[in-house]
Structures are given as C-alpha cells and as structure tokens.
file my_file-v1.cif (mmCIF, C-alpha atoms and all ligand atoms)
data_my_file
loop_
_atom_site.label_atom_id
_atom_site.label_comp_id
_atom_site.auth_asym_id
_atom_site.auth_seq_id
_atom_site.Cartn_x
_atom_site.Cartn_y
_atom_site.Cartn_z
CA VAL A 1 148.95 147.68 35.89
CA GLY A 2 152.02 149.75 36.73
CA THR A 3 150.42 153.12 37.53
CA ILE A 4 152.45 155.25 39.94
CA ASN A 5 149.89 157.08 42.03
CA ASP A 6 150.42 160.42 43.72
CA VAL A 7 150.80 158.83 47.14
CA ARG A 8 151.90 162.10 48.74
CA GLU A 9 148.58 163.72 47.78
CA ILE A 10 146.54 160.68 48.89
CA VAL A 11 148.30 160.76 52.26
CA ARG A 12 147.63 164.47 52.60
CA MET A 13 143.92 164.04 51.83
CA SER A 14 143.68 161.14 54.28
CA HIS A 15 145.38 163.10 57.04
CA ASP A 16 143.03 166.02 56.37
CA ILE A 17 140.09 163.87 57.44
CA GLY A 18 141.99 162.40 60.38
CA ALA A 19 142.71 158.98 58.87
CA HIS A 20 145.92 157.01 59.23
CA THR A 21 147.59 155.82 56.04
CA VAL A 22 149.02 152.41 55.17
CA VAL A 23 150.89 152.25 51.86
CA ASP A 24 151.28 148.87 50.18
CA ALA A 25 154.64 149.43 48.46
CA VAL A 26 155.30 145.76 47.70
CA HIS A 27 155.09 146.35 43.99
CA TYR A 28 156.82 149.71 43.76
CA ALA A 29 159.74 149.09 46.13
CA ALA A 30 161.55 147.03 43.49
CA HIS A 31 161.31 149.74 40.85
CA GLY A 32 162.24 153.09 42.32
CA PRO A 33 163.27 155.06 45.40
CA ILE A 34 160.77 155.78 48.18
CA ASP A 35 161.28 158.86 50.32
CA ILE A 36 159.33 158.00 53.43
CA GLN A 37 159.70 161.47 54.96
CA GLU A 38 158.41 163.10 51.80
CA LEU A 39 155.40 160.76 51.63
CA ASP A 40 154.61 161.38 55.30
CA THR A 41 152.66 158.11 55.50
CA ASP A 42 151.97 156.58 58.91
CA PHE A 43 152.74 153.05 57.73
CA LEU A 44 154.40 151.52 54.67
CA LEU A 45 154.86 147.87 53.87
CA CYS A 46 157.05 146.06 51.38
CA SER A 47 158.60 142.63 50.85
CA ALA A 48 162.34 142.11 50.50
CA TYR A 49 161.97 139.30 47.97
CA LYS A 50 160.73 141.88 45.47
CA PHE A 51 164.05 143.71 45.62
CA PHE A 52 166.37 140.67 45.42
CA GLY A 53 166.18 139.74 49.10
CA PRO A 54 164.72 136.75 50.94
CA HIS A 55 161.13 136.26 52.11
CA ILE A 56 160.73 138.79 54.84
CA GLY A 57 158.24 141.60 55.24
CA VAL A 58 159.26 145.17 56.05
CA LEU A 59 157.03 147.51 58.04
CA TYR A 60 157.79 151.19 58.43
CA ALA A 61 155.71 152.98 61.05
CA LYS A 62 155.78 156.41 62.62
CA LYS A 63 156.80 155.81 66.19
CA ASP A 64 154.11 157.97 67.77
CA VAL A 65 151.35 156.39 65.66
CA LEU A 66 152.61 152.87 66.40
CA SER A 67 152.80 153.67 70.11
CA GLY A 68 149.08 154.44 70.05
CA LEU A 69 148.15 150.99 68.70
CA ARG A 70 147.21 148.04 70.86
CA PRO A 71 148.05 144.97 68.74
CA PHE A 72 147.15 141.49 69.99
CA ASN A 73 150.20 139.99 71.61
CA LEU A 74 151.30 138.21 74.72
CA ARG A 75 151.72 139.96 78.04
CA THR A 76 155.30 138.74 78.00
CA GLN A 77 155.97 141.00 75.02
CA GLN A 78 157.20 144.54 75.67
CA GLN A 79 154.30 146.83 74.82
CA CYS A 80 156.35 149.53 73.09
CA PRO A 81 157.71 149.99 69.55
CA PRO A 82 159.23 148.09 67.89
CA PHE A 83 158.85 145.09 70.22
CA MET A 84 155.05 145.21 70.27
CA MET A 85 155.26 144.16 66.58
CA GLU A 86 158.41 142.04 66.70
CA THR A 87 157.26 139.04 68.64
CA GLY A 88 159.63 136.33 69.87
CA THR A 89 162.83 135.32 68.11
CA LEU A 90 163.34 137.37 64.99
CA HIS A 91 164.01 136.05 61.50
CA HIS A 92 167.71 136.95 61.74
CA GLU A 93 168.84 135.30 58.51
CA GLY A 94 166.02 137.07 56.66
CA ILE A 95 167.02 140.41 58.17
CA ALA A 96 170.66 139.85 57.17
CA GLY A 97 169.55 138.87 53.66
CA ALA A 98 167.37 141.97 53.33
CA ALA A 99 170.27 144.17 54.42
CA SER A 100 172.50 142.49 51.81
CA ALA A 101 169.87 143.13 49.12
CA VAL A 102 169.95 146.82 50.03
CA GLU A 103 173.76 146.74 49.85
CA PHE A 104 173.51 145.15 46.40
CA ILE A 105 171.30 148.04 45.21
CA ALA A 106 173.74 150.55 46.73
CA ASP A 107 176.60 148.79 44.94
CA ILE A 108 174.80 149.14 41.60
CA GLY A 109 174.41 152.84 42.42
CA ARG A 110 178.12 153.15 43.19
CA LYS A 111 179.20 151.34 40.01
CA PHE A 112 176.65 152.48 37.44
CA GLY A 113 174.70 155.40 38.91
CA GLU A 114 175.06 159.06 38.23
CA LYS A 115 177.51 160.66 40.61
CA PRO A 116 175.22 161.19 43.54
CA VAL A 117 175.08 164.53 45.24
CA GLY A 118 174.38 164.51 48.97
CA ARG A 119 171.18 166.07 50.28
CA ASP A 120 173.06 169.20 51.26
CA GLY A 121 174.55 169.54 47.77
CA GLU A 122 177.96 168.15 48.75
CA ARG A 123 179.73 165.81 46.36
CA LYS A 124 180.39 163.26 49.08
CA ALA A 125 177.75 160.56 48.64
CA GLY A 126 176.37 158.62 51.55
CA ARG A 127 174.76 155.19 51.61
CA ARG A 128 171.31 156.63 50.99
CA ASP A 129 172.54 158.43 47.87
CA ARG A 130 174.01 155.19 46.55
CA ILE A 131 170.76 153.31 47.16
CA VAL A 132 168.73 156.01 45.37
CA ALA A 133 171.25 156.04 42.50
CA GLY A 134 171.02 152.22 42.22
CA LEU A 135 167.23 152.29 42.05
CA LYS A 136 167.39 155.02 39.42
CA VAL A 137 169.71 152.83 37.34
CA PHE A 138 167.09 150.04 37.48
CA GLU A 139 164.30 152.49 36.69
CA LYS A 140 166.08 153.89 33.62
CA TYR A 141 166.93 150.44 32.29
CA GLU A 142 163.41 149.08 32.86
CA GLN A 143 161.64 152.08 31.31
CA VAL A 144 163.33 151.53 27.93
CA LEU A 145 162.26 147.88 27.89
CA THR A 146 158.74 148.79 29.02
CA THR A 147 158.20 151.28 26.21
CA HIS A 148 159.49 148.71 23.72
CA LEU A 149 157.15 146.01 25.03
CA ILE A 150 154.04 148.19 25.13
CA GLU A 151 154.63 149.57 21.64
CA ALA A 152 155.30 146.12 20.20
CA VAL A 153 152.26 144.48 21.82
CA ARG A 154 150.02 147.36 20.69
CA SER A 155 151.25 147.37 17.10
CA GLU A 156 152.00 143.70 16.47
CA VAL A 157 149.44 141.76 18.50
CA PRO A 158 146.02 143.05 17.35
CA LYS A 159 144.07 140.82 19.75
CA ALA A 160 145.90 142.25 22.77
CA ALA A 161 144.57 145.08 24.95
CA VAL A 162 147.18 146.70 27.18
CA PHE A 163 145.87 148.14 30.47
CA GLY A 164 147.75 150.87 32.28
CA PRO A 165 148.16 154.58 32.82
CA PRO A 166 147.94 156.98 29.87
CA GLU A 167 151.13 157.70 27.98
CA GLY A 168 153.38 160.10 29.83
CA HIS A 169 151.95 159.26 33.27
CA PRO A 170 154.55 157.92 35.71
CA ARG A 171 154.59 154.13 35.61
CA THR A 172 156.63 151.12 36.63
CA SER A 173 157.83 148.41 34.27
CA THR A 174 154.85 146.18 34.99
CA VAL A 175 152.91 145.59 31.78
CA SER A 176 149.45 144.01 31.92
CA PHE A 177 147.25 142.92 29.06
CA THR A 178 144.47 140.62 27.92
CA LEU A 179 144.29 138.63 24.70
CA ASP A 180 140.90 138.50 23.07
CA GLY A 181 139.52 134.94 22.97
CA TYR A 182 141.87 133.54 25.61
CA SER A 183 141.91 133.63 29.40
CA ALA A 184 144.90 135.16 31.18
CA LYS A 185 145.66 131.73 32.61
CA GLU A 186 145.78 130.16 29.15
CA VAL A 187 148.14 132.84 27.86
CA ALA A 188 150.40 132.61 30.92
CA GLY A 189 150.47 128.79 30.66
CA TYR A 190 151.31 128.95 26.96
CA LEU A 191 154.13 131.45 27.52
CA GLY A 192 155.40 129.32 30.39
CA SER A 193 155.55 126.29 28.07
CA ARG A 194 157.96 128.41 25.98
CA GLY A 195 160.17 129.28 28.93
CA LEU A 196 158.69 132.75 29.41
CA PHE A 197 157.59 133.32 32.97
CA VAL A 198 154.69 135.72 33.31
CA TRP A 199 151.81 135.66 35.74
CA ASP A 200 148.03 135.87 35.56
CA GLY A 201 145.30 137.07 37.92
CA HIS A 202 144.56 140.21 39.91
CA PHE A 203 147.96 140.71 41.59
CA TYR A 204 146.37 142.07 44.76
CA ALA A 205 144.89 144.98 42.76
CA ILE A 206 141.58 143.16 43.09
CA ARG A 207 139.38 146.26 43.20
CA LEU A 208 140.91 147.64 40.01
CA VAL A 209 140.59 144.32 38.16
CA GLU A 210 137.00 144.08 39.35
CA ARG A 211 136.24 147.62 38.12
CA LEU A 212 137.78 146.76 34.76
CA GLY A 213 135.28 143.89 34.57
CA LEU A 214 138.06 141.34 34.31
CA LEU A 215 137.82 139.52 37.63
CA GLU A 216 135.32 136.89 36.42
CA ARG A 217 137.48 136.28 33.36
CA GLY A 218 140.56 135.49 35.46
CA GLY A 219 142.18 138.92 35.37
CA LEU A 220 145.15 140.00 33.30
CA VAL A 221 148.45 138.64 32.06
CA ARG A 222 151.25 140.49 33.82
CA VAL A 223 154.81 140.87 32.57
CA GLY A 224 157.03 142.16 35.37
CA ILE A 225 160.20 143.53 33.81
CA ALA A 226 163.15 143.40 36.18
CA PRO A 227 166.72 144.70 35.83
CA TYR A 228 167.95 141.24 34.83
CA ASN A 229 165.55 140.97 31.86
CA THR A 230 166.76 141.68 28.34
CA ARG A 231 165.36 143.04 25.12
CA GLU A 232 165.98 139.64 23.52
CA GLU A 233 163.66 138.04 26.08
CA LEU A 234 160.95 140.59 25.32
CA ASP A 235 161.30 139.94 21.60
CA ARG A 236 160.84 136.22 22.28
CA LEU A 237 157.70 137.09 24.23
CA ILE A 238 156.32 139.23 21.41
CA ALA A 239 157.08 136.51 18.85
CA ALA A 240 155.26 133.96 21.03
CA LEU A 241 152.19 136.22 21.30
CA LYS A 242 152.17 136.66 17.53
CA ALA A 243 152.23 132.89 16.95
CA GLU A 244 148.50 132.42 17.55
CA ASP A 245 148.41 128.96 15.97
CA ASP A 246 150.84 127.76 18.63
CA LEU A 247 148.71 129.32 21.34
CA LYS A 248 145.59 127.63 19.94
CA ARG A 249 147.38 124.28 19.88
CA TYR A 250 148.50 124.76 23.49
CA VAL A 251 144.95 125.61 24.62
CA HIS A 252 143.42 122.58 22.82
CA ARG A 253 146.05 120.23 24.23
CA SER A 254 145.61 121.35 27.84
C1 LIG B 301 150.84 145.13 45.60
C2 LIG B 301 151.14 143.86 46.35
N1 LIG B 301 150.71 143.74 47.61
C3 LIG B 301 150.95 142.64 48.33
C4 LIG B 301 151.65 141.58 47.80
C5 LIG B 301 151.88 140.38 48.67
O1 LIG B 301 153.14 140.42 49.23
P1 LIG B 301 153.76 139.09 49.88
O2 LIG B 301 154.04 138.16 48.73
O3 LIG B 301 155.01 139.54 50.55
O4 LIG B 301 152.74 138.54 50.80
C6 LIG B 301 152.13 141.65 46.50
C7 LIG B 301 152.87 140.53 45.89
O5 LIG B 301 153.07 140.44 44.72
C8 LIG B 301 151.88 142.83 45.75
O6 LIG B 301 152.34 142.96 44.49
#

call {"tool": "encode", "arguments": {"input": "my_file-v1.cif", "output": "structure tokens"}}
result
Amino acid sequence: VGTINDVREIVRMSHDIGAHTVVDAVHYAAHGPIDIQELDTDFLLCSAYKFFGPHIGVLYAKKDVLSGLRPFNLRTQQQCPPFMMETGTLHHEGIAGAASAVEFIADIGRKFGEKPVGRDGERKAGRRDRIVAGLKVFEKYEQVLTTHLIEAVRSEVPKAAVFGPPEGHPRTSTVSFTLDGYSAKEVAGYLGSRGLFVWDGHFYAIRLVERLGLLERGGLVRVGIAPYNTREELDRLIAALKAEDDLKRYVHRS
C-alpha cells in the first residue's frame, strides 16, 4: 500500500535480539535511494526489472554474515562469498542490463537532479551522488502525481476506499484501493479494457492484506505510478472509475 517503514529501526530491534535481517526492497528500490550502510541490514533483495532493468535479482549481503551460511550447492562450487551464491555460468546479459539501468538513473540525476554535493561536502559529484539525485527526481515527480490521484479518488469516487499510510507519513507512489460492490479483479479487468494497466491481488504483502480482511475478497487494486506516467493518464483513470455504468456493463459481459 506504499508505506515506507522505518527499516533502520526494525533492523536495530532485530539485531538487539540477535536476529539477522533480510529486507525485501523489490517495491521500494524503484522509488527512492537506499543507503545500505545506514540501514545496516544483513541482507537486502531487489529486482532490476522494477528499476528499468531486465529480469535479474540482486542480493546484497554482509560478507561476514554470508560467510557463516552453508547454502545447498555442489561441492564443485567455491564455498566462499560471492561464489557460494553465484552458481555456474552467470546471467551476464542480465548483469549488463542491470548496470545500464543504474547508469540510466545516474544520467537522469546528471541532467535533471539538484546539483549533487559529495558526501564530504565537495561540489564534485561522484556516480553515487548522480544515482541518488536521479532517484530523487523520480521521487519528486511521482509524489505530485500520487497526491493528485489519492485526493481525486477520495473526493470523486465515493465507493472507493484508499488504503495506505496516514497523511504526512513517508510513502511511495503506489496507490491501493477497493471499490465497494466489485472485486479488485473486476476493477483491474475493466480498467485494462480501457487501456489502463493496473494490478489486483496481495502484491506479496499477503500478511497485511490478510489483516485488512481483504484476502478472501481478492485483495486490492494497485496503481503503481512510475516516472513515465502522466497526469493525463491518471485523469483518464479517475474518469473511468467514475463511469460506474461502464464498469457494471463490463462486469455483466465478462
Ligand atoms: C515486495 C515484493 N516482493 C517480491 C516481489 C517479487 O519479485 P520478483 O518478481 O523479482 O520475483 C515483488 C514483485 O512485485 C514485490 O513487489
């Protein structure tokens, strides 16, 4: 539902009781910068296709923690990081594509970002600064669209209930809602028939959707706003949600 949790604090609490932490950053990685040293997590996972890359997973692990693991693999595999996790021939084209996606983000930072200041306060910006600046450009652009969408759905679509963090709480541009009288699948199918691609279900936040009592009902409709989306597209979405007769017709037909 777009909530940005205080991961740093969760990691701290977990470490306090001796647990290792694994952060699923698949959703967030496309929306804002992640400072892995600041988070201090033992593991973090994300998927390059979420940030304009190809289908390849990314695992960050603290070397000493990873060294202590004994994953199942062949004896032929070197039993030390990173090889203990990187079995056989690697997905080289995927790795190259993921690196290019990162370069693309850095390029956005160079062209449109605020003049980055290096960590030590110098004006000379490094690659990391450009990547952070690029992600901040996306974040700023997406937040404006997100506020517009949430406000419009709340005020113009009375049957809709938007789920997410309270106003003012840090959030991504992922907007989730239900529409009274219709399943999430019906709404997503209807919007799809109008050329508006949204998704329905639990989006891997299965525990949350369960606690909201929505799992049996097929979950939520999710609108994932990306940097290439426009206000005009969101207005088309809002207009489609307001046209309930069209939605009814779609549901009866299918
Ligand atoms: C929070 C979260 N975790 C995991 C996944 C699954 O990632 P993948 O599609 O790379 O298997 C997704 C995909 O949307 C996700 O949003």

call {"tool": "residues_near_point", "arguments": {"input": "my_file-v1.cif", "point": "(162.1, 146.6, 33.0)", "cutoff": "6 Å", "atoms": "only C-alpha atoms", "output": "ChimeraX atom specification"}}
result
/A:142-143,145-146,173,225-227

call {"tool": "atom_distance", "arguments": {"input": "my_file-v1.cif", "atom1": "atom CA of Tyr49 of chain A", "atom2": "atom CA of Arg171 of chain A"}}
result
20.7 Å

call {"tool": "residues_around", "arguments": {"input": "my_file-v1.cif", "residues": "segment 213-221 of chain A", "least_positions_apart": "3", "cutoff": "8 Å", "atoms": "all atoms listed in the file", "output": "PyMOL selection string"}}
result
chain A and resi 176-178+183-185+187-188+198-202+206+209-210

call {"tool": "atom_distance", "arguments": {"input": "my_file-v1.cif", "atom1": "atom CA of Val162 of chain A", "atom2": "atom CA of Leu208 of chain A"}}
result
14.3 Å

call {"tool": "closest_atom_pairs", "arguments": {"input": "my_file-v1.cif", "of": "chain A", "to": "ligand LIG 301 (chain B)", "cutoff": "7 Å", "atoms": "all atoms listed in the file", "output": "tab-separated table"}}
result
residue	atom	partner	partner_atom	distance
A:Asp24	CA	B:LIG301	N1	5.8
A:Ala25	CA	B:LIG301	C1	6.4
A:Val26	CA	B:LIG301	C2	4.8
A:His27	CA	B:LIG301	O6	4.4
A:Cys46	CA	B:LIG301	O3	6.9
A:Ser47	CA	B:LIG301	O3	4.7
A:Gly57	CA	B:LIG301	O3	6.1
A:Phe203	CA	B:LIG301	O6	5.7
A:Tyr204	CA	B:LIG301	C2	5.3
A:Ala205	CA	B:LIG301	C1	6.6

call {"tool": "residues_around", "arguments": {"input": "my_file-v1.cif", "residues": "His55 of chain A", "least_positions_apart": "6", "cutoff": "10 Å", "atoms": "only C-alpha atoms", "output": "PDB file with C-alpha atoms, in the coordinates of the input"}}
result
ATOM      1  CA  SER A  47     158.600 142.630  50.850  1.00  0.00           C
ATOM      2  CA  ALA A  48     162.340 142.110  50.500  1.00  0.00           C
ATOM      3  CA  TYR A  49     161.970 139.300  47.970  1.00  0.00           C
ATOM      4  CA  HIS A  91     164.010 136.050  61.500  1.00  0.00           C
ATOM      5  CA  GLY A  94     166.020 137.070  56.660  1.00  0.00           C
ATOM      6  CA  ILE A  95     167.020 140.410  58.170  1.00  0.00           C
ATOM      7  CA  GLY A  97     169.550 138.870  53.660  1.00  0.00           C
ATOM      8  CA  ALA A  98     167.370 141.970  53.330  1.00  0.00           C
TER       9      ALA A  98
END

call {"tool": "atom_distance", "arguments": {"input": "my_file-v1.cif", "atom1": "atom CA of Asp246 of chain A", "atom2": "atom CA of Gly224 of chain A"}}
result
22.9 Å
